[in-house]
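Colleague: I'd like to ask you about the structure that follows.
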Amino acid sequence: MKNPSKDTLEEWRTNPKYWKWKMFYYNKEDDRLLVDKPNPMLGTTLNFAHRKAYLFLLGILVFFGFIGLTLTRNP
């Protein structure tokens with residue numbers, strides 16, 4: 001959905017049906033990759049219904065894996 005209203009965004013953020021195991025946001029209607037958690041003071045999370053969410057997560061894991069590998073290598 002393009003340009004949802006503030007009420008719609010609030011309903012998506014707080015409705016438990018869009019939160020799997022109360023941790024993972026999954027809403028196919030929502031086009032955003034990053035969304036606020038139900039308590040916005042806790043930050044943001046990925047919308048796992050978004051097709052790029054898994055690529056984003058994989059990129060983060062590869063980046064930090066590379067950093068860890070680089071730091072633990074013997075000179």
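Every chain in the structure tokens has a letter given in the order shown (A, B, ...), and although residue numbers restart at 1 in each chain, ligands are simply numbered from 1 in the order shown.
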Residues at most 7 Å from stretch 14-25 of chain A, counting only C-alpha atoms, excluding those fewer than 6 positions away in the same chain, as a ChimeraX atom specification?

Modeller: /A:38,46-48

Colleague: Report, in Å to a single decimal, how far apart atom CA of A:Tyr54 and atom CA of A:Leu69 are.

Modeller: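 So the two atoms, atom CA of A:Leu69 and atom CA of A:Tyr54, lie 22.0 Å apart.
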
Colleague: Quote the spacing between atom CA of A:Leu55 and atom CA of A:Tyr26 in Å to one decimal place.

Modeller: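 Calculated distance between atom CA of A:Leu55 and atom CA of A:Tyr26 is 15.5 Å.
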